[in-house]
Amino acid sequence: MAPASKLITLSEALNRYVPDGAEIVMGTSLETLIPFAAGHEIMRQRKRNLTLIGPISDILFDQIVGAGCVGKIRAAWVGNVITGSSYNFRRAVEGGDLKMEDHSNLTVAMALKAGAMGVPFMPALTGLGSDLFKTNTSLKKITCPFTGKTLTAVSAINPDVAIIHAQRSDEYGNAHFWGNLGVTSDACLASRYIIITAEEIVSPDVIESDPNRVITPGFRVSAVVHAPWGAHPSPVPGYYNRDHNAFIEYRSNSKTPQKFEKWMRDWVDNVKTSDDYIRLLGNERVVKLKLINHLLSEPVDYGY
Amino acid sequence: MAPASKLITLSEALNRYVPDGAEIVMGTSLETLIPFAAGHEIMRQRKRNLTLIGPISDILFDQIVGAGCVGKIRAAWVGNVITGSSYNFRRAVEGGDLKMEDHSNLTVAMALKAGAMGVPFMPALTGLGSDLFKTNTSLKKITCPFTGKTLTAVSAINPDVAIIHAQRSDEYGNAHFWGNLGVTSDACLASRYIIITAEEIVSPDVIESDPNRVITPGFRVSAVVHAPWGAHPSPVPGYYNRDHNAFIEYRSNSKTPQKFEKWMRDWVDNVKTSDDYIRLLGNERVVKLKLINHLLSEPVDYGY
Amino acid sequence: MATDTDCCTLSELMVVAAAREIADREVVFVGMRLPLLGFLLAKRTHAPDAVGIYELGIVRDSPAPEPILTMGDLPNLFKAKWLSDTSDVMGLLQNGTIDVSFIGGAQVDRFGNLNTSYIMSSEKLATRLPGSGGACDLAGLSKRHIIIMAHEKHRFVTKVDYITSPGYGNGAGWREKAGLPRGGPSAVITSLGIMRFDPVSKEMVLVSIHPDVTARNILDNTGWQLKISDMLEKTPVPTEYELKVLRELDPEGYWTGS
Amino acid sequence: MATDTDCCTLSELMVVAAAREIADREVVFVGMRLPLLGFLLAKRTHAPDAVGIYELGIVRDSPAPEPILTMGDLPNLFKAKWLSDTSDVMGLLQNGTIDVSFIGGAQVDRFGNLNTSYIMSSEKLATRLPGSGGACDLAGLSKRHIIIMAHEKHRFVTKVDYITSPGYGNGAGWREKAGLPRGGPSAVITSLGIMRFDPVSKEMVLVSIHPDVTARNILDNTGWQLKISDMLEKTPVPTEYELKVLRELDPEGYWTGS
């Protein structure tokens, strides 16, 4: 009675669960664990007319926009966390090629929580007095039935797919996720399909030794992909630090459409596997990003 | 710049943070980690006119009701999980001495989530078609501003105090909590004061080695109490199993007010400290309840 | 009246009937007491890949390693697939992920409405019961739910005193009008037989009679003129294997003893 | 125009001014870039017991063990007091637990409304900026917030093109009418000086001028007739100790270099 393995390749996972026009939530823990490898596969597959959802995305959304895959973004912030504005995104919005639904971090979190909880909206106090209401039709003002006060109602978001990069997963989709959690849990529960990309594939025993560390129930997960260094250049707690230089370099490599094209050829299209990517990074960079100061969690006992 | 310790005695904690008339949430992980020791101190201090809040309480609420401390209960279920109805509660409601606000587990969870999120209500699909609306004025029917459908609005609950039994805490209120989590996190964040009773007081190093395991931020905690066996007879993951016999015995020990009086004298009023309680339990029982089959969590690395 | 039969106790018969309501791979919101055993039995027999969800914040897809009396027992947490918040698992229920759930009842009416809160006697409160727990949530939000209870005339009433857990209200269309997104009771397993609901009128219909019980017994113990199916069956007795497993799950007969 | 002074860079001056807005024991919602450094500096100097909340889901009360460029850097997770969900920490913000927060801005108006979304030019979109992130939340829900930005005429406008993060709207009473539960900007720290808000009219008032800057410079770089306080001060330069700590926090001068 062994259940079926969900372990497939990145290419197969995105072929199967991300059709053109899909609504995808990714980058759910904000600055950490951003699924860059999966994002790059989306670019390689030349998906079209996607809707990207997330609180902030650091530079990943900018890259997918640059590849021409995106029709709409529902997010709080799109840019480069340490350098500011991002160029593909600016060009696309300013040129009228990209629809934007403007959120705040709290409204994205509430939209996904509504999706996860199976209710059509969540109330919030944020956004009042702002112009988000002008550029986001999924926000409405309502009157509280108990207090009579004005509230923001945030419409539920139920993405087609959540793409989550986790530290370790078994082949059935039970994945350990640690560090800051962002909106990851709600994003998974709100989505129809969940794709897990993981630094390591481990035995179910490892995962079962700590069920509180599991990010979403495995029976809800559709595909598991082994993707070492799959969140580079964002940091992965337990595995590697943030590669600041990659973010600084990307800024100049995306300044013009021509420069971006070259960057995409080198770092996306010419990369077929995790091994290719790690080779391209180079040993020196890889070694420099690895953890030096370790801090292991004190065990807890789940016995009886 | 060492912060002030919050470690005080159980008696002091309840004297300071639970005045007569207070609204208290407890039993937040439902069947596990129920703060019996704190509940018994409430009884010893002969608090009056309390409001008890929780999803289900197993027999703890029945005991506090029996001691005459309670004016109102806001809960989904009050009874004895393995034997059914509980007698003090029945007597009090049937005699008109106890007000009841009838919830479901989901409406309690949403009321506390609204409290935690700082919004006056949360929407839900539950309760519709039920008579909960007749015996719970904190539920109202509303129309969804996006879909036009009927929803249940659950009014926020912001208790005066959350009493949480945790496995281990440092003296500053940073506590590790594991197993099923129930409504514990939201109950803490919704409450004005938080009292942690813990099986063990540990050094901050232990807690800092695993910040994902912390149940609520320590700066929000008012008091920390060392209370070994403080959740008996409910189970504590990592420490001891459920004492089924205690629940079965309590059923007959609470059948009449006279029997309950005797039970309370023996198990509450004559017990002053954790040591008294453990002595009363007896070595044989204590040994039998301890974990035999251990399962330690696989460590994770929080380094850099 | 039904009693224990040659082969098994009445409780064993009911638990086995409950287990058979679960199909393999279904996602089951497991309640307390008899339903808990029914789920564990189904997992060990015909539904090995069923997933169990517990309102405490537990998801597991393997049986607990040791007999448990209630869902919060530590063996039920051991090697769970997910330990989380009540609101997370209630979200799974509310968003339509749960195929089937089980509810015990104190009072039920012809449309499967359940009361576990207040029993009235000439307009005055006679008995305060424990209340909903998760039952109201399960009855409203599962794709279907199954009621398990003792079959006695004072429990099977024309109209319940208080709707803790909605069934079909006053008949067809009522749930939709109330705003419930899905679901309704699909079976009532009692100490005498099994009832289902007419797909059009939503009224309870007797479909199966336990060993040594007659239709007359059941009508005498039901507070309204209970409809009887044209295809009335005998409730099949547990197989030897089912009984063997069940007795491993409840070795002391706490739940299923006579 | 202000430039780096003898003692320090302009960015260092701004970060030190930001740090001084934090009182000890306050709960601070820390933003990205300069405010992040300001918080870390305050912790290491006059506000050792301040608690930092980060929208990623981080609470910490000790400085990170190593310089960090952004809040998601792993040293900022190391020995954190709490690692949790964004909605949990946003709940702390929404329920009134946050004393002070910091926001960067691209365009601000006389009532402290901020735009980090759309810059228009003759009714057409000229520049798309990154958007709110958590800024709209912080501006709406902290007990007070502090704005940090470059002081240039095209950024200091009579009316912002888009309100990403509400200040005082069009003046007294506006926030209350909008339904905001509390808060408003308490200071604007720029590359030229420090502004606060008139307690009655809620209009921005110049209160402090950086070294080597004149009131004339500031008025010339402000798109409306900026009010000047009767008690106009000179912004105090950083102490040696503040500078020493700051240079440990940003050793390569990524944020605070000239």
# chains A, B, ... in the order shown; residues from 1 in each chain; ligands from 1
$ closest_atom_pairs --of "chain C" --to "chain A" --cutoff "7 Å" --atoms "only C-alpha atoms" --output "Markdown table"
| residue | atom | partner | partner_atom | distance |
| --- | --- | --- | --- | --- |
| C:Pro48 | CA | A:Met1 | CA | 6.8 |
| C:Leu74 | CA | A:Tyr304 | CA | 5.3 |
| C:Pro75 | CA | A:Tyr304 | CA | 5.6 |
| C:Phe78 | CA | A:Tyr302 | CA | 5.8 |
| C:Lys79 | CA | A:Glu208 | CA | 4.7 |
| C:Ala80 | CA | A:Pro211 | CA | 6.0 |
| C:Lys81 | CA | A:Pro211 | CA | 5.8 |
| C:Trp82 | CA | A:Pro211 | CA | 4.8 |
| C:Leu83 | CA | A:Asn212 | CA | 4.8 |
| C:Ser84 | CA | A:Asn212 | CA | 6.3 |
| C:Gly91 | CA | A:Met117 | CA | 4.0 |
| C:Leu92 | CA | A:Met117 | CA | 6.9 |
| C:Gln94 | CA | A:Gly118 | CA | 5.2 |
| C:Asn95 | CA | A:Gly118 | CA | 3.8 |
$ write_last_selection --atoms "N, CA, C and O atoms" --output "PDB file, in the first residue's frame"
ATOM      1  N   PRO C  48      -7.008   1.852   2.612  1.00  0.00           N
ATOM      2  CA  PRO C  48      -5.670   2.122   3.178  1.00  0.00           C
ATOM      3  C   PRO C  48      -5.158   3.527   2.862  1.00  0.00           C
ATOM      4  O   PRO C  48      -4.357   4.061   3.618  1.00  0.00           O
ATOM      5  N   LEU C  74      -1.440  10.685  22.452  1.00  0.00           N
ATOM      6  CA  LEU C  74      -0.146  10.909  21.792  1.00  0.00           C
ATOM      7  C   LEU C  74       0.148   9.948  20.637  1.00  0.00           C
ATOM      8  O   LEU C  74       0.768  10.373  19.650  1.00  0.00           O
ATOM      9  N   PRO C  75      -0.268   8.670  20.693  1.00  0.00           N
ATOM     10  CA  PRO C  75       0.012   7.824  19.520  1.00  0.00           C
ATOM     11  C   PRO C  75      -0.635   8.378  18.235  1.00  0.00           C
ATOM     12  O   PRO C  75      -0.164   8.091  17.139  1.00  0.00           O
ATOM     13  N   PHE C  78       1.928  10.751  16.781  1.00  0.00           N
ATOM     14  CA  PHE C  78       3.185  10.100  16.398  1.00  0.00           C
ATOM     15  C   PHE C  78       3.218   9.856  14.895  1.00  0.00           C
ATOM     16  O   PHE C  78       2.333   9.221  14.336  1.00  0.00           O
ATOM     17  N   LYS C  79       4.227  10.382  14.238  1.00  0.00           N
ATOM     18  CA  LYS C  79       4.369  10.234  12.781  1.00  0.00           C
ATOM     19  C   LYS C  79       3.134  10.713  12.029  1.00  0.00           C
ATOM     20  O   LYS C  79       2.769  10.148  10.977  1.00  0.00           O
ATOM     21  N   ALA C  80       2.478  11.729  12.560  1.00  0.00           N
ATOM     22  CA  ALA C  80       1.392  12.362  11.811  1.00  0.00           C
ATOM     23  C   ALA C  80       1.977  12.995  10.556  1.00  0.00           C
ATOM     24  O   ALA C  80       3.171  13.289  10.494  1.00  0.00           O
ATOM     25  N   LYS C  81       1.132  13.213   9.570  1.00  0.00           N
ATOM     26  CA  LYS C  81       1.623  13.849   8.356  1.00  0.00           C
ATOM     27  C   LYS C  81       1.698  15.363   8.519  1.00  0.00           C
ATOM     28  O   LYS C  81       2.469  16.043   7.845  1.00  0.00           O
ATOM     29  N   TRP C  82       0.869  15.906   9.382  1.00  0.00           N
ATOM     30  CA  TRP C  82       0.850  17.355   9.591  1.00  0.00           C
ATOM     31  C   TRP C  82       0.283  17.630  10.961  1.00  0.00           C
ATOM     32  O   TRP C  82      -0.756  17.068  11.321  1.00  0.00           O
ATOM     33  N   LEU C  83       0.980  18.448  11.738  1.00  0.00           N
ATOM     34  CA  LEU C  83       0.438  18.946  12.994  1.00  0.00           C
ATOM     35  C   LEU C  83       0.348  20.452  12.859  1.00  0.00           C
ATOM     36  O   LEU C  83       1.347  21.117  12.584  1.00  0.00           O
ATOM     37  N   SER C  84      -0.849  20.979  13.015  1.00  0.00           N
ATOM     38  CA  SER C  84      -1.077  22.365  12.657  1.00  0.00           C
ATOM     39  C   SER C  84      -2.182  22.971  13.503  1.00  0.00           C
ATOM     40  O   SER C  84      -2.527  22.448  14.551  1.00  0.00           O
ATOM     41  N   GLY C  91     -10.150  25.196   7.688  1.00  0.00           N
ATOM     42  CA  GLY C  91     -10.102  25.771   6.342  1.00  0.00           C
ATOM     43  C   GLY C  91     -10.255  24.695   5.283  1.00  0.00           C
ATOM     44  O   GLY C  91     -10.984  24.865   4.305  1.00  0.00           O
ATOM     45  N   LEU C  92      -9.580  23.563   5.477  1.00  0.00           N
ATOM     46  CA  LEU C  92      -9.734  22.435   4.546  1.00  0.00           C
ATOM     47  C   LEU C  92     -11.201  22.017   4.466  1.00  0.00           C
ATOM     48  O   LEU C  92     -11.710  21.690   3.396  1.00  0.00           O
ATOM     49  N   GLN C  94     -13.861  23.983   5.215  1.00  0.00           N
ATOM     50  CA  GLN C  94     -14.678  25.066   4.665  1.00  0.00           C
ATOM     51  C   GLN C  94     -14.459  25.241   3.166  1.00  0.00           C
ATOM     52  O   GLN C  94     -15.365  25.618   2.433  1.00  0.00           O
ATOM     53  N   ASN C  95     -13.232  24.953   2.692  1.00  0.00           N
ATOM     54  CA  ASN C  95     -12.977  25.157   1.269  1.00  0.00           C
ATOM     55  C   ASN C  95     -13.306  23.931   0.410  1.00  0.00           C
ATOM     56  O   ASN C  95     -13.023  23.929  -0.790  1.00  0.00           O
TER      57      ASN C  95
END
$ interface_residues --of "chain A" --to "chain B" --cutoff "8 Å" --atoms "only C-alpha atoms" --output "PyMOL selection string"
chain A and resi 119-125+140+142+144-147+153+155+178-180+206-207+209-212+237-238+240-241+290-304
$ select_by_dssp --residues "stretch 130-181 of chain A" --states "strand (DSSP E)" --output "ChimeraX atom specification"
/A:139-143,150-155,161-169,175-176
$ residues_around --residues "D:His154" --least-positions-apart "4" --cutoff "9 Å" --atoms "only C-alpha atoms" --output "list in words"
Gln107, Asn221, Thr222 and Gly223 of chain D
$ write_last_selection --atoms "all heavy atoms" --output "compact mmCIF listing (two decimals), in the first residue's frame"
# COMPACT_ATOMS: atom_id res chain seq x y z
N GLN D 107 7.53 60.17 -3.44
CA GLN D 107 6.80 61.43 -3.61
C GLN D 107 5.96 61.63 -2.35
O GLN D 107 5.29 60.71 -1.90
CB GLN D 107 5.89 61.31 -4.85
CG GLN D 107 5.44 62.61 -5.45
CD GLN D 107 4.46 62.40 -6.61
OE1 GLN D 107 3.52 61.63 -6.51
NE2 GLN D 107 4.70 63.11 -7.70
N ASN D 221 13.62 73.49 -2.62
CA ASN D 221 13.48 72.08 -3.01
C ASN D 221 12.15 71.48 -2.57
O ASN D 221 12.01 70.26 -2.52
CB ASN D 221 14.64 71.27 -2.45
CG ASN D 221 15.90 71.47 -3.28
OD1 ASN D 221 16.02 70.93 -4.36
ND2 ASN D 221 16.80 72.32 -2.77
N THR D 222 11.22 72.35 -2.22
CA THR D 222 9.90 71.88 -1.80
C THR D 222 8.87 72.51 -2.72
O THR D 222 8.91 73.72 -2.97
CB THR D 222 9.64 72.27 -0.33
OG1 THR D 222 10.69 71.72 0.47
CG2 THR D 222 8.30 71.74 0.16
N GLY D 223 7.93 71.69 -3.20
CA GLY D 223 6.98 72.14 -4.23
C GLY D 223 5.83 72.97 -3.71
O GLY D 223 4.90 73.27 -4.46
$ residues_around --residues "stretch 155-171 of chain D" --least-positions-apart "3" --cutoff "7 Å" --atoms "only C-alpha atoms" --output "PyMOL selection string"
(chain A and resi 129-132) or (chain D and resi 106-120+132+135-136+139-140+151-152+174-175+184-185+201-203+222-224)
$ residues_around --residues "B:Ala187" --least-positions-apart "2" --cutoff "12 Å" --atoms "only C-alpha atoms" --output "MDAnalysis selection string"
(chainID B and resid 23:29 53:55 108:117 156:164 181:185 189:195 215:216) or (chainID C and resid 85:87) or (chainID D and resid 88)
$ residues_around --residues "D:Val51" --least-positions-apart "5" --cutoff "7 Å" --atoms "only C-alpha atoms" --output "list in words"
Arg25, Glu26, Val27, Val28, Arg60 and Asp61 of chain D
$ write_last_selection --atoms "C-alpha atoms" --output "PDB file, in the first residue's frame"
ATOM      1  CA  ARG D  25      11.260  49.316  24.752  1.00  0.00           C
ATOM      2  CA  GLU D  26       9.243  50.361  21.741  1.00  0.00           C
ATOM      3  CA  VAL D  27       7.941  47.776  19.296  1.00  0.00           C
ATOM      4  CA  VAL D  28       9.239  48.761  15.880  1.00  0.00           C
ATOM      5  CA  ARG D  60      13.887  39.763  17.163  1.00  0.00           C
ATOM      6  CA  ASP D  61      15.165  41.693  20.154  1.00  0.00           C
TER       7      ASP D  61
END
$ atom_distance --atom1 "atom CA of B:Lys47" --atom2 "atom CA of B:Pro257"
18.5 Å
